[in-house]
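This is model_37.pdb (PDB, C-alpha atoms).
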ATOM      1  CA  MET A   1      29.562 -79.880  75.256
ATOM      2  CA  ARG A   2      26.734 -82.340  74.804
ATOM      3  CA  ARG A   3      26.300 -84.651  77.771
ATOM      4  CA  ALA A   4      24.206 -87.806  78.204
ATOM      5  CA  ILE A   5      22.112 -87.287  81.337
ATOM      6  CA  VAL A   6      20.161 -89.992  83.159
ATOM      7  CA  ARG A   7      16.459 -89.116  82.987
ATOM      8  CA  GLY A   8      14.985 -92.293  84.389
ATOM      9  CA  THR A   9      15.725 -95.798  85.625
ATOM     10  CA  GLY A  10      13.625 -98.931  85.851
ATOM     11  CA  HIS A  11      13.935-102.644  86.460
ATOM     12  CA  TYR A  12      12.087-105.924  86.449
ATOM     13  CA  LEU A  13      12.732-109.129  88.377
ATOM     14  CA  PRO A  14      10.863-112.370  87.608
ATOM     15  CA  GLU A  15       8.350-113.471  90.238
ATOM     16  CA  ARG A  16      10.056-116.799  90.917
ATOM     17  CA  VAL A  17      12.497-116.385  93.823
ATOM     18  CA  ILE A  18      15.092-119.111  94.394
ATOM     19  CA  GLU A  19      16.571-119.206  97.888
ATOM     20  CA  ASN A  20      19.940-120.862  98.493
ATOM     21  CA  SER A  21      18.140-123.730 100.217
ATOM     22  CA  TRP A  22      16.674-124.721  96.818
ATOM     23  CA  PHE A  23      20.114-126.034  95.820
ATOM     24  CA  GLU A  24      20.660-128.105  98.948
ATOM     25  CA  ASP A  25      18.485-130.995  97.692
ATOM     26  CA  ARG A  26      20.118-130.916  94.262
ATOM     27  CA  LEU A  27      23.833-130.363  94.896
ATOM     28  CA  ASP A  28      26.545-130.937  97.474
ATOM     29  CA  THR A  29      26.200-127.394  98.790
ATOM     30  CA  SER A  30      24.489-125.393 101.510
ATOM     31  CA  ASP A  31      23.073-121.970 102.202
ATOM     32  CA  GLU A  32      26.102-121.236 104.420
ATOM     33  CA  TRP A  33      28.577-122.336 101.732
ATOM     34  CA  ILE A  34      26.994-120.056  99.139
ATOM     35  CA  ARG A  35      26.606-117.064 101.461
ATOM     36  CA  THR A  36      30.146-117.141 102.846
ATOM     37  CA  ARG A  37      31.795-117.475  99.433
ATOM     38  CA  THR A  38      29.600-115.180  97.360
ATOM     39  CA  GLY A  39      27.307-113.079  99.545
ATOM     40  CA  ILE A  40      24.327-114.393  97.559
ATOM     41  CA  GLU A  41      21.185-115.358  99.470
ATOM     42  CA  ARG A  42      18.617-115.627  96.688
ATOM     43  CA  ARG A  43      18.072-114.937  93.008
ATOM     44  CA  HIS A  44      15.175-114.741  90.530
ATOM     45  CA  PHE A  45      14.520-117.188  87.696
ATOM     46  CA  ALA A  46      12.374-116.378  84.679
ATOM     47  CA  ALA A  47       9.198-118.378  84.144
ATOM     48  CA  GLU A  48       9.234-120.985  81.384
ATOM     49  CA  ASP A  49       7.283-118.714  79.054
ATOM     50  CA  GLN A  50       9.396-115.610  79.777
ATOM     51  CA  ARG A  51      12.128-114.588  77.381
ATOM     52  CA  THR A  52      14.891-112.049  77.732
ATOM     53  CA  SER A  53      12.940-109.558  75.627
ATOM     54  CA  ASP A  54       9.943-109.864  77.965
ATOM     55  CA  LEU A  55      12.110-108.857  80.921
ATOM     56  CA  GLY A  56      13.665-106.031  78.926
ATOM     57  CA  ILE A  57      10.301-104.627  77.859
ATOM     58  CA  LEU A  58       9.046-104.468  81.446
ATOM     59  CA  ALA A  59      12.228-102.773  82.680
ATOM     60  CA  ALA A  60      12.101-100.323  79.755
ATOM     61  CA  ARG A  61       8.500 -99.347  80.499
ATOM     62  CA  ALA A  62       9.414 -98.656  84.116
ATOM     63  CA  ALA A  63      12.352 -96.446  83.070
ATOM     64  CA  LEU A  64      10.274 -94.532  80.538
ATOM     65  CA  ASP A  65       7.563 -93.943  83.130
ATOM     66  CA  LYS A  66      10.139 -92.669  85.622
ATOM     67  CA  ALA A  67      11.613 -90.364  82.966
ATOM     68  CA  GLY A  68       8.191 -89.139  81.847
ATOM     69  CA  ILE A  69       9.211 -89.773  78.239
ATOM     70  CA  ALA A  70       7.027 -91.564  75.692
ATOM     71  CA  ALA A  71       8.534 -94.488  73.800
ATOM     72  CA  ASP A  72       8.039 -92.756  70.439
ATOM     73  CA  ARG A  73      10.475 -90.032  71.541
ATOM     74  CA  ILE A  74      13.319 -92.537  71.901
ATOM     75  CA  ASP A  75      15.825 -92.464  69.053
ATOM     76  CA  ALA A  76      17.743 -95.646  69.844
ATOM     77  CA  VAL A  77      17.405 -98.809  71.911
ATOM     78  CA  ILE A  78      20.542-100.676  72.977
ATOM     79  CA  VAL A  79      20.182-104.002  74.769
ATOM     80  CA  ALA A  80      23.190-105.556  76.470
ATOM     81  CA  THR A  81      22.660-109.314  76.694
ATOM     82  CA  SER A  82      24.405-112.659  76.296
ATOM     83  CA  THR A  83      21.156-114.642  76.416
ATOM     84  CA  PRO A  84      19.083-113.453  73.439
ATOM     85  CA  ASP A  85      15.691-114.935  72.625
ATOM     86  CA  LEU A  86      16.901-116.008  69.183
ATOM     87  CA  THR A  87      20.105-115.959  67.170
ATOM     88  CA  PHE A  88      18.444-113.081  65.322
ATOM     89  CA  PRO A  89      16.685-110.703  65.205
ATOM     90  CA  SER A  90      18.069-108.754  68.126
ATOM     91  CA  VAL A  91      16.403-108.533  71.502
ATOM     92  CA  ALA A  92      16.494-104.759  71.032
ATOM     93  CA  THR A  93      14.179-104.904  68.018
ATOM     94  CA  MET A  94      11.795-107.093  70.024
ATOM     95  CA  VAL A  95      11.844-104.543  72.829
ATOM     96  CA  GLN A  96      11.286-101.802  70.260
ATOM     97  CA  ALA A  97       8.202-103.614  68.975
ATOM     98  CA  GLY A  98       6.989-104.375  72.486
ATOM     99  CA  LEU A  99       7.108-100.673  73.332
ATOM    100  CA  GLY A 100       5.118 -99.790  70.216
ATOM    101  CA  MET A 101       8.021 -97.947  68.590
ATOM    102  CA  HIS A 102       8.078 -97.699  64.793
ATOM    103  CA  GLY A 103      10.961 -95.258  64.387
ATOM    104  CA  GLY A 104      14.550 -94.963  65.497
ATOM    105  CA  PHE A 105      16.964 -97.891  65.547
ATOM    106  CA  ALA A 106      17.744-100.790  67.870
ATOM    107  CA  TYR A 107      20.588-103.245  68.316
ATOM    108  CA  ASP A 108      22.114-105.695  70.801
ATOM    109  CA  LEU A 109      25.557-105.470  72.328
ATOM    110  CA  GLN A 110      27.373-108.510  73.726
ATOM    111  CA  ALA A 111      30.153-108.041  76.260
ATOM    112  CA  VAL A 112      28.778-110.477  78.856
ATOM    113  CA  CYS A 113      28.835-108.996  82.380
ATOM    114  CA  ALA A 114      30.509-105.819  81.097
ATOM    115  CA  GLY A 115      27.770-105.382  78.511
ATOM    116  CA  PHE A 116      25.850-102.589  80.218
ATOM    117  CA  VAL A 117      29.007-100.506  80.711
ATOM    118  CA  TYR A 118      29.830-100.993  77.035
ATOM    119  CA  ALA A 119      26.249-100.065  76.101
ATOM    120  CA  LEU A 120      26.388 -96.867  78.174
ATOM    121  CA  ALA A 121      29.634 -95.929  76.429
ATOM    122  CA  ASN A 122      27.990 -96.541  73.036
ATOM    123  CA  ALA A 123      24.963 -94.451  73.948
ATOM    124  CA  ASP A 124      27.158 -91.655  75.310
ATOM    125  CA  ALA A 125      29.196 -91.559  72.112
ATOM    126  CA  MET A 126      26.062 -91.404  69.953
ATOM    127  CA  ILE A 127      24.605 -88.569  72.001
ATOM    128  CA  ARG A 128      27.888 -86.628  71.979
ATOM    129  CA  ALA A 129      28.101 -87.071  68.190
ATOM    130  CA  GLY A 130      24.540 -85.861  67.660
ATOM    131  CA  LEU A 131      23.320 -89.205  66.316
ATOM    132  CA  ALA A 132      20.608 -89.416  68.971
ATOM    133  CA  GLU A 133      18.873 -87.192  71.498
ATOM    134  CA  ARG A 134      17.414 -89.904  73.690
ATOM    135  CA  VAL A 135      18.685 -93.468  74.080
ATOM    136  CA  LEU A 136      17.121 -96.323  76.023
ATOM    137  CA  VAL A 137      19.899 -98.547  77.411
ATOM    138  CA  ILE A 138      18.882-101.950  78.770
ATOM    139  CA  GLY A 139      20.671-104.864  80.384
ATOM    140  CA  ALA A 140      18.577-108.044  80.285
ATOM    141  CA  GLU A 141      19.521-111.665  80.932
ATOM    142  CA  THR A 142      18.067-115.140  81.441
ATOM    143  CA  PHE A 143      21.234-116.883  82.577
ATOM    144  CA  SER A 144      19.199-119.678  84.161
ATOM    145  CA  ARG A 145      18.866-121.028  80.590
ATOM    146  CA  ILE A 146      22.606-121.704  80.228
ATOM    147  CA  MET A 147      23.410-123.198  83.631
ATOM    148  CA  ASP A 148      24.880-126.657  84.178
ATOM    149  CA  TRP A 149      22.811-127.725  87.189
ATOM    150  CA  THR A 150      25.465-130.271  88.219
ATOM    151  CA  ASP A 151      28.194-127.624  88.595
ATOM    152  CA  ARG A 152      27.889-126.099  92.069
ATOM    153  CA  GLY A 153      30.668-123.636  91.306
ATOM    154  CA  THR A 154      28.559-121.789  88.741
ATOM    155  CA  CYS A 155      24.857-122.604  88.902
ATOM    156  CA  VAL A 156      24.391-121.100  92.380
ATOM    157  CA  LEU A 157      25.776-117.752  91.250
ATOM    158  CA  PHE A 158      23.452-116.519  88.539
ATOM    159  CA  GLY A 159      19.959-115.097  88.269
ATOM    160  CA  ASP A 160      17.641-113.476  85.750
ATOM    161  CA  GLY A 161      16.432-109.904  85.487
ATOM    162  CA  ALA A 162      16.537-106.644  83.574
ATOM    163  CA  GLY A 163      17.332-103.014  84.233
ATOM    164  CA  ALA A 164      17.025 -99.938  82.037
ATOM    165  CA  VAL A 165      18.190 -96.341  81.880
ATOM    166  CA  VAL A 166      16.887 -93.476  79.744
ATOM    167  CA  LEU A 167      19.642 -91.120  78.608
ATOM    168  CA  GLU A 168      18.929 -87.696  77.113
ATOM    169  CA  ALA A 169      21.177 -85.078  75.541
ATOM    170  CA  ALA A 170      21.787 -81.870  77.480
ATOM    171  CA  GLU A 171      24.268 -79.038  77.213
ATOM    172  CA  GLY A 172      27.157 -78.909  79.663
ATOM    173  CA  GLU A 173      30.184 -76.688  80.160
ATOM    174  CA  GLY A 174      32.664 -79.461  79.442
ATOM    175  CA  THR A 175      33.904 -79.544  83.038
ATOM    176  CA  PRO A 176      33.821 -82.225  85.761
ATOM    177  CA  ALA A 177      30.940 -80.285  87.341
ATOM    178  CA  ASP A 178      28.619 -81.178  84.442
ATOM    179  CA  ARG A 179      25.749 -83.574  84.992
ATOM    180  CA  GLY A 180      25.632 -86.781  82.949
ATOM    181  CA  ILE A 181      28.259 -89.218  81.728
ATOM    182  CA  LEU A 182      31.674 -87.622  82.236
ATOM    183  CA  ALA A 183      34.025 -90.411  81.116
ATOM    184  CA  THR A 184      34.160 -94.047  80.078
ATOM    185  CA  ASP A 185      36.930 -96.643  79.956
ATOM    186  CA  LEU A 186      36.593 -99.895  77.988
ATOM    187  CA  ASN A 187      39.009-102.830  77.782
ATOM    188  CA  SER A 188      39.265-106.433  76.657
ATOM    189  CA  ASP A 189      41.924-109.135  76.360
ATOM    190  CA  GLY A 190      40.996-112.263  74.429
ATOM    191  CA  GLN A 191      43.921-114.298  75.743
ATOM    192  CA  TYR A 192      41.786-114.888  78.857
ATOM    193  CA  ARG A 193      38.705-116.081  76.974
ATOM    194  CA  ASP A 194      38.893-119.591  78.468
ATOM    195  CA  LEU A 195      38.499-118.299  82.020
ATOM    196  CA  LEU A 196      34.794-117.594  81.531
ATOM    197  CA  TYR A 197      32.846-118.827  78.529
ATOM    198  CA  VAL A 198      29.872-120.845  77.280
ATOM    199  CA  ASP A 199      30.729-124.158  75.638
ATOM    200  CA  GLY A 200      28.231-123.838  72.791
ATOM    201  CA  GLY A 201      27.292-121.628  69.884
ATOM    202  CA  VAL A 202      25.873-121.422  66.379
ATOM    203  CA  ALA A 203      29.173-121.936  64.554
ATOM    204  CA  SER A 204      30.611-124.560  66.914
ATOM    205  CA  THR A 205      28.102-126.929  68.499
ATOM    206  CA  GLY A 206      24.818-125.615  67.176
ATOM    207  CA  THR A 207      23.560-125.519  70.777
ATOM    208  CA  ALA A 208      23.293-122.833  73.446
ATOM    209  CA  GLY A 209      25.826-124.644  75.652
ATOM    210  CA  HIS A 210      26.562-124.177  79.351
ATOM    211  CA  LEU A 211      28.533-121.593  81.268
ATOM    212  CA  ARG A 212      32.054-122.594  82.323
ATOM    213  CA  MET A 213      34.282-120.620  84.662
ATOM    214  CA  GLN A 214      37.657-120.817  86.385
ATOM    215  CA  GLY A 215      36.466-118.946  89.435
ATOM    216  CA  ASN A 216      39.754-118.360  91.272
ATOM    217  CA  LEU A 217      41.456-116.867  88.224
ATOM    218  CA  VAL A 218      38.440-114.713  87.358
ATOM    219  CA  PHE A 219      38.459-113.418  90.944
ATOM    220  CA  ARG A 220      42.098-112.328  90.733
ATOM    221  CA  HIS A 221      41.644-110.566  87.403
ATOM    222  CA  ALA A 222      38.419-108.916  88.547
ATOM    223  CA  VAL A 223      39.844-107.262  91.645
ATOM    224  CA  GLU A 224      42.852-105.863  89.795
ATOM    225  CA  LYS A 225      41.138-104.806  86.593
ATOM    226  CA  LEU A 226      38.023-103.269  88.143
ATOM    227  CA  ALA A 227      39.993-100.924  90.387
ATOM    228  CA  ASP A 228      42.319 -99.970  87.518
ATOM    229  CA  THR A 229      39.525 -99.155  85.067
ATOM    230  CA  ALA A 230      37.712 -97.078  87.682
ATOM    231  CA  HIS A 231      40.842 -95.015  88.339
ATOM    232  CA  ARG A 232      41.414 -94.479  84.609
ATOM    233  CA  ALA A 233      37.834 -93.314  84.062
ATOM    234  CA  LEU A 234      38.087 -90.932  87.032
ATOM    235  CA  ASP A 235      41.336 -89.532  85.606
ATOM    236  CA  LYS A 236      39.609 -88.946  82.275
ATOM    237  CA  ALA A 237      36.756 -87.195  84.055
ATOM    238  CA  GLY A 238      39.162 -84.985  86.022
ATOM    239  CA  LEU A 239      37.985 -86.364  89.361
ATOM    240  CA  ALA A 240      39.709 -87.993  92.322
ATOM    241  CA  PRO A 241      38.549 -91.181  94.087
ATOM    242  CA  GLU A 242      37.653 -89.197  97.208
ATOM    243  CA  GLN A 243      35.088 -87.281  95.133
ATOM    244  CA  VAL A 244      33.116 -90.476  94.411
ATOM    245  CA  ASP A 245      29.771 -90.584  96.205
ATOM    246  CA  TRP A 246      28.669 -94.018  95.037
ATOM    247  CA  LEU A 247      30.300 -97.103  93.560
ATOM    248  CA  VAL A 248      27.800 -99.155  91.542
ATOM    249  CA  PRO A 249      29.714-102.348  90.722
ATOM    250  CA  HIS A 250      28.784-105.420  88.761
ATOM    251  CA  GLN A 251      27.070-107.641  91.326
ATOM    252  CA  ALA A 252      29.014-110.862  90.846
ATOM    253  CA  ASN A 253      30.487-111.684  94.231
ATOM    254  CA  LEU A 254      30.533-109.762  97.510
ATOM    255  CA  ARG A 255      34.197-110.549  98.101
ATOM    256  CA  ILE A 256      35.172-109.068  94.723
ATOM    257  CA  ILE A 257      33.115-105.951  95.457
ATOM    258  CA  GLU A 258      34.685-105.521  98.899
ATOM    259  CA  ALA A 259      38.226-105.996  97.562
ATOM    260  CA  THR A 260      37.624-103.493  94.747
ATOM    261  CA  ALA A 261      36.211-100.919  97.180
ATOM    262  CA  ARG A 262      39.308-101.294  99.379
ATOM    263  CA  ARG A 263      41.584-100.674  96.400
ATOM    264  CA  MET A 264      39.605 -97.519  95.659
ATOM    265  CA  HIS A 265      39.719 -96.495  99.331
ATOM    266  CA  LEU A 266      35.922 -96.347  99.451
ATOM    267  CA  PRO A 267      33.918 -97.413 102.515
ATOM    268  CA  MET A 268      31.213-100.004 101.923
ATOM    269  CA  GLU A 269      28.646 -97.382 102.931
ATOM    270  CA  LYS A 270      29.297 -95.817  99.509
ATOM    271  CA  VAL A 271      28.773 -99.072  97.597
ATOM    272  CA  VAL A 272      25.419-100.094  96.137
ATOM    273  CA  LEU A 273      24.844-103.776  96.909
ATOM    274  CA  THR A 274      22.107-105.966  95.437
ATOM    275  CA  VAL A 275      24.059-109.224  95.020
ATOM    276  CA  ALA A 276      22.408-110.831  98.073
ATOM    277  CA  ASP A 277      18.937-110.604  96.529
ATOM    278  CA  HIS A 278      19.689-110.821  92.803
ATOM    279  CA  GLY A 279      22.780-112.979  92.423
ATOM    280  CA  ASN A 280      24.870-112.339  89.319
ATOM    281  CA  THR A 281      22.541-111.134  86.567
ATOM    282  CA  SER A 282      25.409-110.417  84.152
ATOM    283  CA  ALA A 283      24.658-107.369  81.957
ATOM    284  CA  ALA A 284      21.512-106.662  83.980
ATOM    285  CA  SER A 285      23.282-106.293  87.331
ATOM    286  CA  ILE A 286      24.410-102.656  87.107
ATOM    287  CA  PRO A 287      21.116-101.240  85.749
ATOM    288  CA  LEU A 288      19.255-103.295  88.363
ATOM    289  CA  ALA A 289      21.446-101.827  91.097
ATOM    290  CA  LEU A 290      21.059 -98.305  89.695
ATOM    291  CA  SER A 291      17.281 -98.626  89.564
ATOM    292  CA  VAL A 292      16.942-100.118  93.040
ATOM    293  CA  ALA A 293      19.147 -97.428  94.609
ATOM    294  CA  ASP A 294      17.359 -94.699  92.642
ATOM    295  CA  ALA A 295      13.964 -95.967  93.801
ATOM    296  CA  GLU A 296      15.231 -95.881  97.389
ATOM    297  CA  GLY A 297      16.246 -92.233  96.955
ATOM    298  CA  ARG A 298      19.924 -92.838  97.623
ATOM    299  CA  PHE A 299      21.260 -90.746  94.738
ATOM    300  CA  LYS A 300      21.131 -86.963  95.105
ATOM    301  CA  PRO A 301      21.528 -84.439  92.265
ATOM    302  CA  GLY A 302      25.224 -83.800  91.751
ATOM    303  CA  ASP A 303      26.383 -87.124  93.200
ATOM    304  CA  VAL A 304      29.326 -88.748  91.399
ATOM    305  CA  LEU A 305      28.734 -92.397  90.506
ATOM    306  CA  VAL A 306      31.227 -94.949  89.213
ATOM    307  CA  ALA A 307      29.869 -98.082  87.524
ATOM    308  CA  GLU A 308      32.308-100.886  86.739
ATOM    309  CA  ALA A 309      32.086-104.445  85.461
ATOM    310  CA  ILE A 310      34.129-107.370  84.143
ATOM    311  CA  GLY A 311      32.944-110.401  82.222
ATOM    312  CA  GLY A 312      33.850-113.079  79.725
ATOM    313  CA  GLY A 313      36.285-112.095  77.024
ATOM    314  CA  LEU A 314      37.761-110.973  79.292
ATOM    315  CA  ALA A 315      35.990-107.647  78.813
ATOM    316  CA  TRP A 316      35.865-104.921  81.426
ATOM    317  CA  GLY A 317      35.241-101.220  81.825
ATOM    318  CA  SER A 318      33.790 -98.365  83.811
ATOM    319  CA  VAL A 319      31.642 -95.263  83.533
ATOM    320  CA  VAL A 320      31.790 -92.079  85.603
ATOM    321  CA  LEU A 321      28.643 -89.997  85.711
ATOM    322  CA  ARG A 322      27.226 -87.148  87.729
ATOM    323  CA  TRP A 323      23.612 -87.704  88.791
TER     324      TRP A 323
END
File written out as structure tokens:
Amino acid sequence: MRRAIVRGTGHYLPERVIENSWFEDRLDTSDEWIRTRTGIERRHFAAEDQRTSDLGILAARAALDKAGIAADRIDAVIVATSTPDLTFPSVATMVQAGLGMHGGFAYDLQAVCAGFVYALANADAMIRAGLAERVLVIGAETFSRIMDWTDRGTCVLFGDGAGAVVLEAAEGEGTPADRGILATDLNSDGQYRDLLYVDGGVASTGTAGHLRMQGNLVFRHAVEKLADTAHRALDKAGLAPEQVDWLVPHQANLRIIEATARRMHLPMEKVVLTVADHGNTSAASIPLALSVADAEGRFKPGDVLVAEAIGGGLAWGSVVLRW
């Protein structure tokens, strides 16, 4: 069986760091209020002249360097983003050009915070089907561009950044002992679209709009749905929760992450956490967390990882892979 194996990870965070104290002069909030409710201490904002594609290119270069694979050997580029540079062309084609690639194909995928999980599932399916040998999967966002700076319930949560993973085809035995992506589980339910959305768009207002969220309801759905999708993906992979070495969750809110880990009966020592330093970077959060943990040497060959995310749509899903 063909498997999609992780060959390299990389990430990029903008130089501008925004501590919680930055909001205290602008909103009725405080560092303590933000920390206790979200676990966030700081986040990064892109410079005025930085676009989502710029962040994605830098993360992609880092991943390619780590993998030791030249850009011209990549067959496909998938960028998960909800904050593209332009309506079209895709951020992925801009990344493709920025890497000096003239072959292969590139496209964007939009599933908000679940975007990177969806993109991994797409890349895995293409590799299994023989449509590609090597796929560059990127999550990149500039959510600071769609914040309502008067809404303390949302604007303190989000940051900018990008993470990337290089996947390559390899032969496996078709068992849970194989390396690479073992199973994926994707879901969505549009009846909950008003819980988390942006109030603008090409066909409605002609503007980018601002992010709107019903935080308490999103929290309840997140805890339930994230644990459920992780269990389904593990069942598909033929693995039990106690065989999980690392949970790599979407970094939205520390309380959501802790509640999900409890439902999976995983100690926090097995959870990769970057939310304190990055905030919620939407589709970039999981690849950022993967890259940071990889750079720290936390993942060992053979480790079982579960990545899970939920975002606007509502859209949610998970991926089980063996490092």
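Closest approach to A:Ala315 from the set A:Thr260, A:Thr142, A:Asn280, A:Gln110 is made by A:Gln110, with distances taken over only C-alpha atoms.
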Determine the residue set returned by the PyMOL selection byres ((chain A and resi 293-300) around 12) for the present structure, and present it as a VMD selection string. chain A and resid 6 to 11 62 to 63 66 163 to 165 179 244 to 248 269 to 274 286 to 292 301 to 305 321 to 323
How would the residues just chosen look if you wrote them out with C-alpha atoms as a PDB file, keeping the file's coordinate frame?
ATOM      1  CA  VAL A   6      20.161 -89.992  83.159  1.00  0.00           C
ATOM      2  CA  ARG A   7      16.459 -89.116  82.987  1.00  0.00           C
ATOM      3  CA  GLY A   8      14.985 -92.293  84.389  1.00  0.00           C
ATOM      4  CA  THR A   9      15.725 -95.798  85.625  1.00  0.00           C
ATOM      5  CA  GLY A  10      13.625 -98.931  85.851  1.00  0.00           C
ATOM      6  CA  HIS A  11      13.935-102.644  86.460  1.00  0.00           C
ATOM      7  CA  ALA A  62       9.414 -98.656  84.116  1.00  0.00           C
ATOM      8  CA  ALA A  63      12.352 -96.446  83.070  1.00  0.00           C
ATOM      9  CA  LYS A  66      10.139 -92.669  85.622  1.00  0.00           C
ATOM     10  CA  GLY A 163      17.332-103.014  84.233  1.00  0.00           C
ATOM     11  CA  ALA A 164      17.025 -99.938  82.037  1.00  0.00           C
ATOM     12  CA  VAL A 165      18.190 -96.341  81.880  1.00  0.00           C
ATOM     13  CA  ARG A 179      25.749 -83.574  84.992  1.00  0.00           C
ATOM     14  CA  VAL A 244      33.116 -90.476  94.411  1.00  0.00           C
ATOM     15  CA  ASP A 245      29.771 -90.584  96.205  1.00  0.00           C
ATOM     16  CA  TRP A 246      28.669 -94.018  95.037  1.00  0.00           C
ATOM     17  CA  LEU A 247      30.300 -97.103  93.560  1.00  0.00           C
ATOM     18  CA  VAL A 248      27.800 -99.155  91.542  1.00  0.00           C
ATOM     19  CA  GLU A 269      28.646 -97.382 102.931  1.00  0.00           C
ATOM     20  CA  LYS A 270      29.297 -95.817  99.509  1.00  0.00           C
ATOM     21  CA  VAL A 271      28.773 -99.072  97.597  1.00  0.00           C
ATOM     22  CA  VAL A 272      25.419-100.094  96.137  1.00  0.00           C
ATOM     23  CA  LEU A 273      24.844-103.776  96.909  1.00  0.00           C
ATOM     24  CA  THR A 274      22.107-105.966  95.437  1.00  0.00           C
ATOM     25  CA  ILE A 286      24.410-102.656  87.107  1.00  0.00           C
ATOM     26  CA  PRO A 287      21.116-101.240  85.749  1.00  0.00           C
ATOM     27  CA  LEU A 288      19.255-103.295  88.363  1.00  0.00           C
ATOM     28  CA  ALA A 289      21.446-101.827  91.097  1.00  0.00           C
ATOM     29  CA  LEU A 290      21.059 -98.305  89.695  1.00  0.00           C
ATOM     30  CA  SER A 291      17.281 -98.626  89.564  1.00  0.00           C
ATOM     31  CA  VAL A 292      16.942-100.118  93.040  1.00  0.00           C
ATOM     32  CA  PRO A 301      21.528 -84.439  92.265  1.00  0.00           C
ATOM     33  CA  GLY A 302      25.224 -83.800  91.751  1.00  0.00           C
ATOM     34  CA  ASP A 303      26.383 -87.124  93.200  1.00  0.00           C
ATOM     35  CA  VAL A 304      29.326 -88.748  91.399  1.00  0.00           C
ATOM     36  CA  LEU A 305      28.734 -92.397  90.506  1.00  0.00           C
ATOM     37  CA  LEU A 321      28.643 -89.997  85.711  1.00  0.00           C
ATOM     38  CA  ARG A 322      27.226 -87.148  87.729  1.00  0.00           C
ATOM     39  CA  TRP A 323      23.612 -87.704  88.791  1.00  0.00           C
TER      40      TRP A 323
END
Check: With all atoms listed in the file as the basis for distance, which of A:Leu211, A:Trp33, A:Cys155, A:Gly161 is at the shortest distance from A:Val17?
Finding: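 The closest residue to A:Val17 is A:Gly161.
The coordinates place atom CA of A:Gln251 at 5.7 Å from atom CA of A:Ser285.
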Explicit residues for the PyMOL selection byres ((chain A and resi 4) around 8) (as number ranges by chain) = A: 2-3, 5-6, 123-124, 127-128, 167-170, 180-181
Nearby residues (all atoms listed in the file) at most 7 Å from stretch 90-95 of chain A, same-chain spacing under 4 positions excluded, as a PDB file with C-alpha atoms, keeping the file's coordinate frame:
ATOM      1  CA  SER A  53      12.940-109.558  75.627  1.00  0.00           C
ATOM      2  CA  GLY A  56      13.665-106.031  78.926  1.00  0.00           C
ATOM      3  CA  ILE A  57      10.301-104.627  77.859  1.00  0.00           C
ATOM      4  CA  VAL A  77      17.405 -98.809  71.911  1.00  0.00           C
ATOM      5  CA  ILE A  78      20.542-100.676  72.977  1.00  0.00           C
ATOM      6  CA  VAL A  79      20.182-104.002  74.769  1.00  0.00           C
ATOM      7  CA  PRO A  84      19.083-113.453  73.439  1.00  0.00           C
ATOM      8  CA  ASP A  85      15.691-114.935  72.625  1.00  0.00           C
ATOM      9  CA  LEU A  99       7.108-100.673  73.332  1.00  0.00           C
ATOM     10  CA  ALA A 106      17.744-100.790  67.870  1.00  0.00           C
ATOM     11  CA  TYR A 107      20.588-103.245  68.316  1.00  0.00           C
ATOM     12  CA  ASP A 108      22.114-105.695  70.801  1.00  0.00           C
TER      13      ASP A 108
END
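Of the listed residues (A:Met1, A:Leu314, A:Ala60, A:Ala114), A:Ala114 comes nearest to A:Ser82; the distances count all atoms listed in the file.
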Can you pull out the residues contacting A:Gly317? Cut-off 6 Å, using only C-alpha atoms, and skip same-chain residues under 5 positions away; I want them as a ChimeraX atom specification.
/A:185-187,229,308-309
#### Entry: Residues near A:Glu224, cut-off 12 Å, only C-alpha atoms, skip fewer than 3 positions along chain, as a PyMOL selection string
chain A and resi 217-221+227-231+256-257+259-264+309-310+316-317
Print the selection's residues with C-alpha atoms to a file, as a PDB file, keeping the file's coordinate frame.
ATOM      1  CA  LEU A 217      41.456-116.867  88.224  1.00  0.00           C
ATOM      2  CA  VAL A 218      38.440-114.713  87.358  1.00  0.00           C
ATOM      3  CA  PHE A 219      38.459-113.418  90.944  1.00  0.00           C
ATOM      4  CA  ARG A 220      42.098-112.328  90.733  1.00  0.00           C
ATOM      5  CA  HIS A 221      41.644-110.566  87.403  1.00  0.00           C
ATOM      6  CA  ALA A 227      39.993-100.924  90.387  1.00  0.00           C
ATOM      7  CA  ASP A 228      42.319 -99.970  87.518  1.00  0.00           C
ATOM      8  CA  THR A 229      39.525 -99.155  85.067  1.00  0.00           C
ATOM      9  CA  ALA A 230      37.712 -97.078  87.682  1.00  0.00           C
ATOM     10  CA  HIS A 231      40.842 -95.015  88.339  1.00  0.00           C
ATOM     11  CA  ILE A 256      35.172-109.068  94.723  1.00  0.00           C
ATOM     12  CA  ILE A 257      33.115-105.951  95.457  1.00  0.00           C
ATOM     13  CA  ALA A 259      38.226-105.996  97.562  1.00  0.00           C
ATOM     14  CA  THR A 260      37.624-103.493  94.747  1.00  0.00           C
ATOM     15  CA  ALA A 261      36.211-100.919  97.180  1.00  0.00           C
ATOM     16  CA  ARG A 262      39.308-101.294  99.379  1.00  0.00           C
ATOM     17  CA  ARG A 263      41.584-100.674  96.400  1.00  0.00           C
ATOM     18  CA  MET A 264      39.605 -97.519  95.659  1.00  0.00           C
ATOM     19  CA  ALA A 309      32.086-104.445  85.461  1.00  0.00           C
ATOM     20  CA  ILE A 310      34.129-107.370  84.143  1.00  0.00           C
ATOM     21  CA  TRP A 316      35.865-104.921  81.426  1.00  0.00           C
ATOM     22  CA  GLY A 317      35.241-101.220  81.825  1.00  0.00           C
TER      23      GLY A 317
END
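The residues caught by the PyMOL selection byres ((chain A and resi 102) around 12) in this file are A:Ala71, A:Asp72, A:Arg73, A:Ile74, A:Asp75, A:Ala76, A:Val77, A:Thr93, A:Met94, A:Val95, A:Gln96, A:Ala97, A:Gly98, A:Leu99, A:Gly100, A:Met101, A:Gly103, A:Gly104, A:Phe105, A:Ala106.
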